[in-house]
Amino acid sequence: VMTLTDLGLQTEVQDAVGAYGDQLVMARVRNVVALLPGTDSTGRLFLVGHYDSVPVGPGANDDGTGTSAILETARALATGPRPRNDVVIVITDAEEACLCGAEAFVREHPLARDGGVVLNLEARGAGGPPVMFETATGNAALAGVFGASAAQPVGTSFAVEVYRILPNDTDFSVFLAASRFTGLNSAFIDGAAAYHTPQDQPGRVNKRTLQAMGDNLLSLTRALDDADLTALAKPAAHDATYFPVLGRLARYPGWLVLPFAILAVIGVAVLVVLARRRGRSSLLRSLAGAGLALIPLLLAPIAAQVLWIVLVAIRPGYAGMIDPHRPGWYRVAVVALTATILLAWYVQLRRRVGPVPLAIGAMVWLAVLGVVLALLTPGGSYLTALPALAAAIAGIVALTTKSTVLRAIAIGAANAIAVLVLAPTVTLFFPALGLATGGAPAFFMMLLGLALLPVFDMIVPTARQKPRERRGLLVIATAEALTVAFVATGLIVDKFDASHPIPVQLMYALDTGSSTARWVSAEPDPGEWTRQYVTAREDLRDSFGIFGDQDVATGPATAAELRAPDVTTVSDTSTAGLRDLKLRVVPQRTVRMVYLQMTPGIRVVGATVAGRAVPDDRLGDGSQPFAVLFYAPPQEGIEVALSISGDAPVSLRVMDASDGLESLPGFKRSPRVALLFDDHATGSAVAARTHRIP
């Protein structure tokens with residue numbers, strides 16, 4: 001606040017109650033909002049980040065980097081020529097808990113009323129290039145601005161398509177849901193092992209990544225400041241297809257996606273016919289090549305997943321991670337493993353089937369996938385349609401020309417296109433999905449390998465001559481040896497220690513009414529450290545709904561001196577078959593969140609929590625009890641007004657959660673190999689009791 005005020009921006013703290021999500025999750029939030037008025041504004045540009053973090057994480061990357069980049073951009077704008085358009089800085093609260101800060105801003109702040117263009121900054125790791133991974137629909141115009149203006153434009157329309165079908169959300173989701181904003185969402189994604197952990201500290205911030213994020217934001221802000229936001233704030237007629245190429249962003253309009261995919265199919269079909277007429281492949285051999293190409297396409301992702309299973313078996317601490325702390329050698333191992341599979345497949349089949357049928361068979365799958373993606377996820381069709389089209393054209397040229405030079409140029413150009421299109425996706429998928437789902441990058445790696453079969457035909461010897469056959473087997477053996485060597489090196493390099501600990505989950509739950517306590521872990525398969533505390537599995541939905549609706553691991557614990565929230569009745573009246581209850585829930589210690597849950601069978605037909613009316617679809621129906629999770633409750637507590645059908649006695653389960661387990665009896669932190677991570681209840685001590693109102 002002081003920084004923005006000192007820069008001369010109109011700055012305020014928005015103190016509000018936000019609510020977001022399918023379940024009733026609310027929070028008291030304090031958003032920092034600042035305005036830099038434009039000289040001749042055509043709309044508003046919103047620079048959005050969040051300053052909160054998960055309970056166990058300092059949040060230096062997520063989202064200290066985004067907040068820092070926004071503040072530095074504000075400084076550059078405030079000390080330079082005044083922008084044309086209004087620039088609104090929004091540093092939100094409670095993003096990690098429930099996106100409630102963004103919801104409160106979008107719902108009630110006057111500056112959000114007319115919408116605009118949003119640039120949201122996030123982090124899901126500790127390094128790597130900032131990736132523009134999410135857009136509003138109709139992104140053609142904004143993708144154009146991003147590609148032309150961003151200092152380091154890294155982004156792919158395929159990532160946008162994938163993210164749209166995932167359940168993940170950021171503050172950007174709230175702005176898009178309001179239907180009066182467009183924009184771009186960016187984050188860096190490498191180094192996921194430090195994400196949402198105590199390791200997310202300033203020393204883990206990659207300065208090159210931070211610089212790139214700031215450079216991108218400033219260059220985009222200046223470009224949008226000079227633009228007419230009236231048009232850009234509205235969705236374009238279509239999405240663009242785009243992907244990184246040599247430090248810039250290649251893009252073309254979405255209406256070309258299906259034509260390119262169809263052209264690829266036609267090109268491959270022409271190549272099949274031409275190969276048959278030239279005697280290089282029969283129709284049956286081309287079909288056989290297509291069928292045989294399925295072997296490496298399926299085997300590569302399976303092998304990558306098996307490799308991860310083996311790594312987890314060797315090092316069980318990996319089970320709770322999507323990526324190791326130092327994943328580099330393992331990633332190279334997946335590359336070598338994929339190459340081993342491809343080379344073994346090709347050397348064994350080249351003599352029996354022929355190089356042309358195998359190459360054509362690979363093109364068939366590239367072209368087919370191009371059409372499938374064009375119909376299902378248009379932004380990803382380029383990944384296979386463009387390499388298939390280029391390869392088909394190169395094949396036609398190679399079969400119709402007598403010029404060795406022209407043939408080499410055509411094949412080289414097609415292979416270059418395949419590398420430029422597919423290689424960035426492989427490099428982005430490794431950090432985005434982690435080795436735990438290494439099958440995805442392995443699949444796209446294999447697509448790239450199949451697209452490069454004409455090159456392999458030059459470097460992999462024919463198996464007809466024994467010396468060359470031995471050389472082919474030597475190439476395969478070398479790839480196998482490299483795979484083993486890379487895995488072994490990864491195991492040596494990536495070891496758990498105090499700076500790179502094993503992630504674990506542990507909570508404490510106390511019923512103050514019965515003075516019974518238990519340890520709780522949400523780990524699906526608790527590791528060695530966690531098994532000190534949990535010995536069985538239990539459904540705690542009715543007694544400790546704060547842990548969610550999942551089956552959890554539990555174990556006996558010693559009751560601690562914790563007090564559950566106090567509940568007082570402010571008023572209790574009945575009219576026309578409805579009972580109107582007004583309650584005040586007051587925590588008796590410093591807590592992060594409060595949870596209230598009605599006993600099943602009581603039907604709530606109306607509710608207000610901390611002054612916010614609860615939507616009807618979140619009231620429950622009696623069989624599904626009314627429940628609310630409230631983050632950052634004020635010291636004076638929260639007021640809950642309930643309209644209940646009938647006049648039966650009311651039973652209310654109340655609980656709250658405080659941070660830290662160190663002071664609890666029986667808890668022993670491992671100094672080197674354990675940390676409390678990620679889940680919002682992890683590392684918390686919960687105290688609960690049942691409050692009955694006659």
# chains A, B, ... in the order shown; residues from 1 in each chain; ligands from 1
$ residues_around --residues "Leu263 (chain A)" --least-positions-apart "3" --cutoff "10 Å" --atoms "only C-alpha atoms" --output "MDAnalysis selection string"
chainID A and resid 258:260 266:269 367 371 385:386 388:389 392
$ residues_around --residues "Arg563 (chain A)" --least-positions-apart "4" --cutoff "12 Å" --atoms "only C-alpha atoms" --output "PyMOL selection string"
chain A and resi 509-513+515+559+586-591+654-658+685-689
$ write_last_selection --atoms "all heavy atoms" --output "compact mmCIF listing (two decimals), in the first residue's frame"
# COMPACT_ATOMS: atom_id res chain seq x y z
N ALA A 509 -6.73 -33.42 15.12
CA ALA A 509 -8.16 -33.17 15.32
C ALA A 509 -8.55 -33.53 16.74
O ALA A 509 -8.31 -34.66 17.20
CB ALA A 509 -8.99 -33.97 14.32
N LEU A 510 -9.18 -32.58 17.43
CA LEU A 510 -9.60 -32.77 18.82
C LEU A 510 -11.09 -32.50 18.95
O LEU A 510 -11.58 -31.45 18.51
CB LEU A 510 -8.83 -31.81 19.73
CG LEU A 510 -9.32 -31.71 21.18
CD1 LEU A 510 -9.04 -33.00 21.94
CD2 LEU A 510 -8.69 -30.51 21.89
N ASP A 511 -11.81 -33.44 19.53
CA ASP A 511 -13.20 -33.22 19.91
C ASP A 511 -13.20 -32.79 21.37
O ASP A 511 -12.93 -33.60 22.27
CB ASP A 511 -14.02 -34.50 19.72
CG ASP A 511 -15.52 -34.28 19.94
OD1 ASP A 511 -15.87 -33.62 20.95
OD2 ASP A 511 -16.30 -34.73 19.11
N THR A 512 -13.48 -31.50 21.62
CA THR A 512 -13.39 -30.98 22.99
C THR A 512 -14.51 -31.51 23.88
O THR A 512 -14.38 -31.50 25.10
CB THR A 512 -13.41 -29.45 22.98
OG1 THR A 512 -14.65 -28.99 22.41
CG2 THR A 512 -12.25 -28.89 22.17
N GLY A 513 -15.61 -31.96 23.28
CA GLY A 513 -16.70 -32.49 24.08
C GLY A 513 -16.35 -33.80 24.74
O GLY A 513 -16.67 -34.04 25.91
N SER A 515 -13.08 -35.02 24.64
CA SER A 515 -11.63 -34.98 24.92
C SER A 515 -10.89 -36.11 24.24
O SER A 515 -9.93 -36.68 24.78
CB SER A 515 -11.37 -35.02 26.43
OG SER A 515 -11.89 -33.86 27.06
N ALA A 559 -4.98 -35.76 23.86
CA ALA A 559 -5.78 -34.54 23.86
C ALA A 559 -4.94 -33.35 24.34
O ALA A 559 -4.26 -33.43 25.37
CB ALA A 559 -7.01 -34.71 24.74
N VAL A 586 -17.51 -17.35 17.67
CA VAL A 586 -16.30 -16.61 18.06
C VAL A 586 -15.17 -17.59 18.36
O VAL A 586 -15.27 -18.40 19.30
CB VAL A 586 -16.56 -15.73 19.30
CG1 VAL A 586 -15.31 -14.91 19.64
CG2 VAL A 586 -17.76 -14.82 19.06
N PRO A 587 -14.07 -17.57 17.60
CA PRO A 587 -12.91 -18.41 17.92
C PRO A 587 -12.33 -18.03 19.28
O PRO A 587 -12.33 -16.85 19.67
CB PRO A 587 -11.92 -18.11 16.80
CG PRO A 587 -12.74 -17.51 15.70
CD PRO A 587 -13.86 -16.79 16.37
N GLN A 588 -11.81 -19.02 20.00
CA GLN A 588 -11.24 -18.79 21.32
C GLN A 588 -9.71 -18.79 21.29
O GLN A 588 -9.07 -18.80 22.34
CB GLN A 588 -11.74 -19.87 22.27
CG GLN A 588 -13.25 -19.91 22.40
CD GLN A 588 -13.81 -18.58 22.92
OE1 GLN A 588 -13.52 -18.17 24.05
NE2 GLN A 588 -14.59 -17.89 22.09
N ARG A 589 -9.13 -18.77 20.10
CA ARG A 589 -7.68 -18.72 19.93
C ARG A 589 -7.40 -18.14 18.54
O ARG A 589 -8.34 -17.84 17.79
CB ARG A 589 -7.06 -20.12 20.08
CG ARG A 589 -7.67 -21.14 19.14
CD ARG A 589 -7.48 -22.57 19.61
NE ARG A 589 -8.19 -23.50 18.73
CZ ARG A 589 -7.61 -24.26 17.82
NH1 ARG A 589 -6.29 -24.25 17.68
NH2 ARG A 589 -8.33 -25.06 17.06
N THR A 590 -6.17 -17.92 18.22
CA THR A 590 -5.83 -17.41 16.89
C THR A 590 -5.96 -18.54 15.89
O THR A 590 -5.24 -19.54 15.96
CB THR A 590 -4.40 -16.86 16.88
OG1 THR A 590 -4.29 -15.81 17.85
CG2 THR A 590 -4.05 -16.30 15.51
N VAL A 591 -6.88 -18.39 14.95
CA VAL A 591 -7.16 -19.46 13.99
C VAL A 591 -7.14 -18.92 12.57
O VAL A 591 -7.26 -17.73 12.32
CB VAL A 591 -8.52 -20.13 14.27
CG1 VAL A 591 -8.53 -20.76 15.65
CG2 VAL A 591 -9.66 -19.14 14.11
N VAL A 654 -19.32 -27.21 15.17
CA VAL A 654 -18.43 -26.07 14.91
C VAL A 654 -17.00 -26.47 15.20
O VAL A 654 -16.73 -27.25 16.12
CB VAL A 654 -18.82 -24.84 15.76
CG1 VAL A 654 -20.16 -24.29 15.36
CG2 VAL A 654 -18.78 -25.16 17.24
N MET A 655 -16.08 -25.96 14.39
CA MET A 655 -14.66 -26.26 14.60
C MET A 655 -13.84 -25.15 13.98
O MET A 655 -14.31 -24.37 13.15
CB MET A 655 -14.31 -27.62 13.98
CG MET A 655 -14.52 -27.71 12.48
SD MET A 655 -14.62 -29.43 11.91
CE MET A 655 -16.27 -29.90 12.45
N ASP A 656 -12.60 -25.06 14.42
CA ASP A 656 -11.69 -24.10 13.81
C ASP A 656 -10.31 -24.73 13.72
O ASP A 656 -10.06 -25.82 14.26
CB ASP A 656 -11.65 -22.77 14.59
CG ASP A 656 -11.33 -22.93 16.05
OD1 ASP A 656 -10.74 -23.98 16.42
OD2 ASP A 656 -11.67 -22.04 16.84
N ALA A 657 -9.41 -24.08 13.00
CA ALA A 657 -8.08 -24.63 12.75
C ALA A 657 -7.03 -23.56 12.96
O ALA A 657 -7.14 -22.46 12.41
CB ALA A 657 -7.98 -25.19 11.34
N SER A 658 -6.03 -23.88 13.76
CA SER A 658 -4.89 -22.99 13.97
C SER A 658 -3.66 -23.59 13.30
O SER A 658 -3.59 -24.80 13.02
CB SER A 658 -4.63 -22.80 15.47
OG SER A 658 -4.38 -24.05 16.09
N ALA A 685 -4.04 -27.57 13.60
CA ALA A 685 -4.65 -28.22 14.76
C ALA A 685 -6.11 -27.81 14.82
O ALA A 685 -6.44 -26.62 14.91
CB ALA A 685 -3.93 -27.81 16.04
N VAL A 686 -7.01 -28.78 14.74
CA VAL A 686 -8.45 -28.53 14.67
C VAL A 686 -9.08 -28.87 16.01
O VAL A 686 -8.81 -29.93 16.60
CB VAL A 686 -9.09 -29.37 13.55
CG1 VAL A 686 -10.61 -29.20 13.55
CG2 VAL A 686 -8.50 -28.97 12.20
N ALA A 687 -9.92 -27.97 16.49
CA ALA A 687 -10.69 -28.21 17.71
C ALA A 687 -12.17 -28.10 17.36
O ALA A 687 -12.60 -27.12 16.73
CB ALA A 687 -10.33 -27.21 18.80
N ALA A 688 -12.97 -29.09 17.75
CA ALA A 688 -14.38 -29.14 17.36
C ALA A 688 -15.26 -29.49 18.55
O ALA A 688 -14.83 -30.15 19.51
CB ALA A 688 -14.58 -30.16 16.25
N ARG A 689 -16.51 -29.04 18.46
CA ARG A 689 -17.52 -29.47 19.43
C ARG A 689 -18.90 -29.34 18.79
O ARG A 689 -19.07 -28.64 17.77
CB ARG A 689 -17.45 -28.65 20.70
CG ARG A 689 -17.96 -27.23 20.61
CD ARG A 689 -17.74 -26.49 21.92
NE ARG A 689 -18.26 -25.14 21.92
CZ ARG A 689 -19.45 -24.78 22.40
NH1 ARG A 689 -20.26 -25.71 22.91
NH2 ARG A 689 -19.83 -23.52 22.40
$ residues_around --residues "Asp225 (chain A)" --least-positions-apart "3" --cutoff "6 Å" --atoms "only C-alpha atoms" --output "ChimeraX atom specification"
/A:83-85,221-222
$ residues_around --residues "Ile189 (chain A)" --least-positions-apart "3" --cutoff "7 Å" --atoms "only C-alpha atoms" --output "ChimeraX atom specification"
/A:123-125,127-128,192,431-432
$ closest_atom_pairs --of "region 227-325 of chain A" --to "region 175-184 of chain A" --cutoff "10 Å" --atoms "only C-alpha atoms" --output "tab-separated table"
residue	atom	partner	partner_atom	distance
A:Leu232	CA	A:Thr182	CA	7.7
A:Ala233	CA	A:Thr182	CA	5.6
A:Lys234	CA	A:Thr182	CA	6.6
A:Pro235	CA	A:Thr182	CA	6.7
A:Ala236	CA	A:Thr182	CA	9.8
$ write_last_selection --atoms "all heavy atoms" --output "tab-separated table (two decimals), in the first residue's frame"
chain	number	residue	atom	x	y	z
A	232	LEU	N	-10.57	-4.59	-27.64
A	232	LEU	CA	-9.84	-5.69	-27.03
A	232	LEU	C	-10.54	-6.25	-25.80
A	232	LEU	O	-10.33	-7.40	-25.43
A	232	LEU	CB	-8.44	-5.24	-26.64
A	232	LEU	CG	-7.46	-5.03	-27.80
A	232	LEU	CD1	-6.17	-4.42	-27.28
A	232	LEU	CD2	-7.19	-6.33	-28.52
A	233	ALA	N	-11.37	-5.45	-25.14
A	233	ALA	CA	-12.08	-5.91	-23.95
A	233	ALA	C	-13.24	-6.83	-24.29
A	233	ALA	O	-13.87	-7.39	-23.39
A	233	ALA	CB	-12.58	-4.72	-23.13
A	234	LYS	N	-13.52	-6.99	-25.58
A	234	LYS	CA	-14.59	-7.89	-26.01
A	234	LYS	C	-13.97	-9.11	-26.70
A	234	LYS	O	-12.97	-8.98	-27.40
A	234	LYS	CB	-15.53	-7.17	-26.98
A	234	LYS	CG	-16.24	-5.97	-26.36
A	234	LYS	CD	-17.10	-5.26	-27.40
A	234	LYS	CE	-17.79	-4.03	-26.80
A	234	LYS	NZ	-18.59	-3.29	-27.80
A	235	PRO	N	-14.55	-10.29	-26.53
A	235	PRO	CA	-13.99	-11.47	-27.19
A	235	PRO	C	-13.99	-11.32	-28.70
A	235	PRO	O	-14.92	-10.78	-29.30
A	235	PRO	CB	-14.94	-12.60	-26.75
A	235	PRO	CG	-15.60	-12.09	-25.52
A	235	PRO	CD	-15.71	-10.61	-25.69
A	236	ALA	N	-12.92	-11.80	-29.35
A	236	ALA	CA	-12.86	-11.82	-30.80
A	236	ALA	C	-13.77	-12.92	-31.33
A	236	ALA	O	-14.33	-13.71	-30.57
A	236	ALA	CB	-11.42	-12.04	-31.26
$ closest_residue --among "A:Phe158, A:Tyr195, A:Tyr252, A:Tyr595" --to "Ala140 (chain A)" --atoms "only C-alpha atoms"
A:Tyr252
$ residues_around --residues "Leu249 (chain A)" --least-positions-apart "4" --cutoff "9 Å" --atoms "only C-alpha atoms" --output "PyMOL selection string"
chain A and resi 144+146-148+153-156+242-245
$ write_last_selection --atoms "N, CA, C and O atoms" --output "CSV table (one decimal), in the first residue's frame"
chain,number,residue,atom,x,y,z
A,144,GLY,N,-2.5,-11.9,-30.5
A,144,GLY,CA,-1.8,-11.1,-31.4
A,144,GLY,C,-0.9,-10.1,-30.7
A,144,GLY,O,0.3,-9.9,-31.0
A,146,PHE,N,0.0,-10.2,-27.6
A,146,PHE,CA,1.0,-10.9,-26.8
A,146,PHE,C,2.2,-11.3,-27.7
A,146,PHE,O,3.4,-11.1,-27.3
A,147,GLY,N,1.9,-11.9,-28.8
A,147,GLY,CA,3.0,-12.3,-29.7
A,147,GLY,C,3.8,-11.2,-30.2
A,147,GLY,O,5.0,-11.3,-30.4
A,148,ALA,N,3.2,-10.0,-30.5
A,148,ALA,CA,3.9,-8.9,-31.1
A,148,ALA,C,4.6,-8.1,-30.0
A,148,ALA,O,5.6,-7.4,-30.3
A,153,PRO,N,7.8,-14.0,-25.5
A,153,PRO,CA,6.5,-14.6,-25.6
A,153,PRO,C,6.6,-16.1,-25.7
A,153,PRO,O,6.9,-16.7,-26.7
A,154,VAL,N,6.3,-16.8,-24.5
A,154,VAL,CA,6.2,-18.2,-24.5
A,154,VAL,C,4.8,-18.6,-24.2
A,154,VAL,O,4.2,-18.2,-23.2
A,155,GLY,N,4.2,-19.4,-25.1
A,155,GLY,CA,2.8,-19.8,-24.9
A,155,GLY,C,2.4,-20.7,-26.0
A,155,GLY,O,3.0,-20.6,-27.1
A,156,THR,N,1.4,-21.5,-25.8
A,156,THR,CA,0.8,-22.4,-26.8
A,156,THR,C,-0.7,-22.5,-26.7
A,156,THR,O,-1.2,-22.6,-25.6
A,242,TYR,N,-1.5,-20.7,-31.8
A,242,TYR,CA,-0.1,-20.1,-31.7
A,242,TYR,C,0.8,-21.0,-30.9
A,242,TYR,O,0.4,-21.9,-30.1
A,243,PHE,N,2.1,-20.8,-31.1
A,243,PHE,CA,3.1,-21.7,-30.5
A,243,PHE,C,4.4,-21.0,-30.6
A,243,PHE,O,4.6,-20.2,-31.5
A,244,PRO,N,5.4,-21.2,-29.7
A,244,PRO,CA,6.7,-20.5,-29.7
A,244,PRO,C,7.6,-21.1,-30.8
A,244,PRO,O,7.7,-22.3,-31.0
A,245,VAL,N,8.2,-20.2,-31.5
A,245,VAL,CA,9.2,-20.6,-32.5
A,245,VAL,C,10.4,-19.6,-32.5
A,245,VAL,O,10.3,-18.4,-32.7
$ select_by_dssp --residues "region 452-621 of chain A" --states "strand (DSSP E)" --output "ChimeraX atom specification"
/A:502-504,507-511,516-521,536-539,551-557,566-575,578-586,593-598,604-609,612-613
$ decode --residues "region 513-542 of chain A" --atoms "N, CA and C atoms" --output "JSON list (two decimals), in the first residue's frame"
[["chain", "number", "residue", "atom", "x", "y", "z"],
["A", 513, "GLY", "N", -15.61, -31.96, 23.28],
["A", 513, "GLY", "CA", -16.70, -32.49, 24.08],
["A", 513, "GLY", "C", -16.35, -33.80, 24.74],
["A", 514, "SER", "N", -15.67, -34.68, 23.99],
["A", 514, "SER", "CA", -15.30, -35.99, 24.52],
["A", 514, "SER", "C", -13.83, -36.08, 24.91],
["A", 515, "SER", "N", -13.08, -35.02, 24.64],
["A", 515, "SER", "CA", -11.63, -34.98, 24.92],
["A", 515, "SER", "C", -10.89, -36.11, 24.24],
["A", 516, "THR", "N", -11.33, -36.46, 23.02],
["A", 516, "THR", "CA", -10.63, -37.46, 22.23],
["A", 516, "THR", "C", -9.95, -36.76, 21.05],
["A", 517, "ALA", "N", -8.76, -37.25, 20.72],
["A", 517, "ALA", "CA", -7.99, -36.62, 19.66],
["A", 517, "ALA", "C", -7.43, -37.68, 18.73],
["A", 518, "ARG", "N", -7.11, -37.27, 17.53],
["A", 518, "ARG", "CA", -6.51, -38.18, 16.55],
["A", 518, "ARG", "C", -5.60, -37.37, 15.61],
["A", 519, "TRP", "N", -4.61, -38.06, 15.09],
["A", 519, "TRP", "CA", -3.81, -37.52, 13.99],
["A", 519, "TRP", "C", -4.52, -37.86, 12.69],
["A", 520, "VAL", "N", -4.40, -36.98, 11.71],
["A", 520, "VAL", "CA", -5.10, -37.16, 10.44],
["A", 520, "VAL", "C", -4.12, -36.86, 9.30],
["A", 521, "SER", "N", -4.15, -37.68, 8.27],
["A", 521, "SER", "CA", -3.34, -37.43, 7.07],
["A", 521, "SER", "C", -4.16, -37.70, 5.83],
["A", 522, "ALA", "N", -4.05, -36.81, 4.85],
["A", 522, "ALA", "CA", -4.75, -36.99, 3.58],
["A", 522, "ALA", "C", -3.90, -37.73, 2.56],
["A", 523, "GLU", "N", -2.72, -38.20, 2.95],
["A", 523, "GLU", "CA", -1.90, -38.96, 2.02],
["A", 523, "GLU", "C", -2.62, -40.26, 1.64],
["A", 524, "PRO", "N", -2.76, -40.55, 0.34],
["A", 524, "PRO", "CA", -3.43, -41.80, -0.06],
["A", 524, "PRO", "C", -2.71, -43.05, 0.47],
["A", 525, "ASP", "N", -1.38, -42.99, 0.45],
["A", 525, "ASP", "CA", -0.58, -44.10, 0.96],
["A", 525, "ASP", "C", 0.49, -43.49, 1.86],
["A", 526, "PRO", "N", 0.21, -43.33, 3.15],
["A", 526, "PRO", "CA", 1.14, -42.63, 4.03],
["A", 526, "PRO", "C", 2.54, -43.23, 4.00],
["A", 527, "GLY", "N", 3.54, -42.33, 3.96],
["A", 527, "GLY", "CA", 4.92, -42.76, 3.93],
["A", 527, "GLY", "C", 5.43, -43.14, 5.31],
["A", 528, "GLU", "N", 6.74, -43.44, 5.34],
["A", 528, "GLU", "CA", 7.34, -43.94, 6.58],
["A", 528, "GLU", "C", 7.18, -42.96, 7.73],
["A", 529, "TRP", "N", 7.43, -41.67, 7.49],
["A", 529, "TRP", "CA", 7.33, -40.69, 8.56],
["A", 529, "TRP", "C", 5.89, -40.55, 9.05],
["A", 530, "THR", "N", 4.95, -40.49, 8.12],
["A", 530, "THR", "CA", 3.55, -40.30, 8.50],
["A", 530, "THR", "C", 2.99, -41.50, 9.23],
["A", 531, "ARG", "N", 3.49, -42.68, 8.91],
["A", 531, "ARG", "CA", 2.99, -43.89, 9.57],
["A", 531, "ARG", "C", 3.31, -43.94, 11.05],
["A", 532, "GLN", "N", 4.16, -43.05, 11.53],
["A", 532, "GLN", "CA", 4.37, -42.95, 12.98],
["A", 532, "GLN", "C", 3.09, -42.50, 13.69],
["A", 533, "TYR", "N", 2.22, -41.80, 12.94],
["A", 533, "TYR", "CA", 1.04, -41.16, 13.54],
["A", 533, "TYR", "C", -0.27, -41.82, 13.13],
["A", 534, "VAL", "N", -0.36, -42.35, 11.93],
["A", 534, "VAL", "CA", -1.64, -42.88, 11.46],
["A", 534, "VAL", "C", -1.53, -44.37, 11.23],
["A", 535, "THR", "N", -2.59, -45.08, 11.60],
["A", 535, "THR", "CA", -2.57, -46.54, 11.53],
["A", 535, "THR", "C", -3.78, -47.13, 10.83],
["A", 536, "ALA", "N", -4.80, -46.34, 10.55],
["A", 536, "ALA", "CA", -6.03, -46.86, 9.95],
["A", 536, "ALA", "C", -6.62, -45.78, 9.04],
["A", 537, "ARG", "N", -7.75, -46.10, 8.41],
["A", 537, "ARG", "CA", -8.45, -45.13, 7.58],
["A", 537, "ARG", "C", -9.85, -44.92, 8.16],
["A", 538, "GLU", "N", -10.36, -43.68, 7.99],
["A", 538, "GLU", "CA", -11.61, -43.33, 8.66],
["A", 538, "GLU", "C", -12.34, -42.27, 7.84],
["A", 539, "ASP", "N", -13.65, -42.28, 7.89],
["A", 539, "ASP", "CA", -14.49, -41.26, 7.26],
["A", 539, "ASP", "C", -14.86, -40.23, 8.32],
["A", 540, "LEU", "N", -14.35, -39.02, 8.19],
["A", 540, "LEU", "CA", -14.56, -37.98, 9.20],
["A", 540, "LEU", "C", -15.52, -36.90, 8.74],
["A", 541, "ARG", "N", -16.30, -37.18, 7.71],
["A", 541, "ARG", "CA", -17.16, -36.13, 7.17],
["A", 541, "ARG", "C", -18.15, -35.60, 8.19],
["A", 542, "ASP", "N", -18.72, -36.45, 9.01],
["A", 542, "ASP", "CA", -19.72, -35.99, 9.98],
["A", 542, "ASP", "C", -19.08, -35.32, 11.20]]
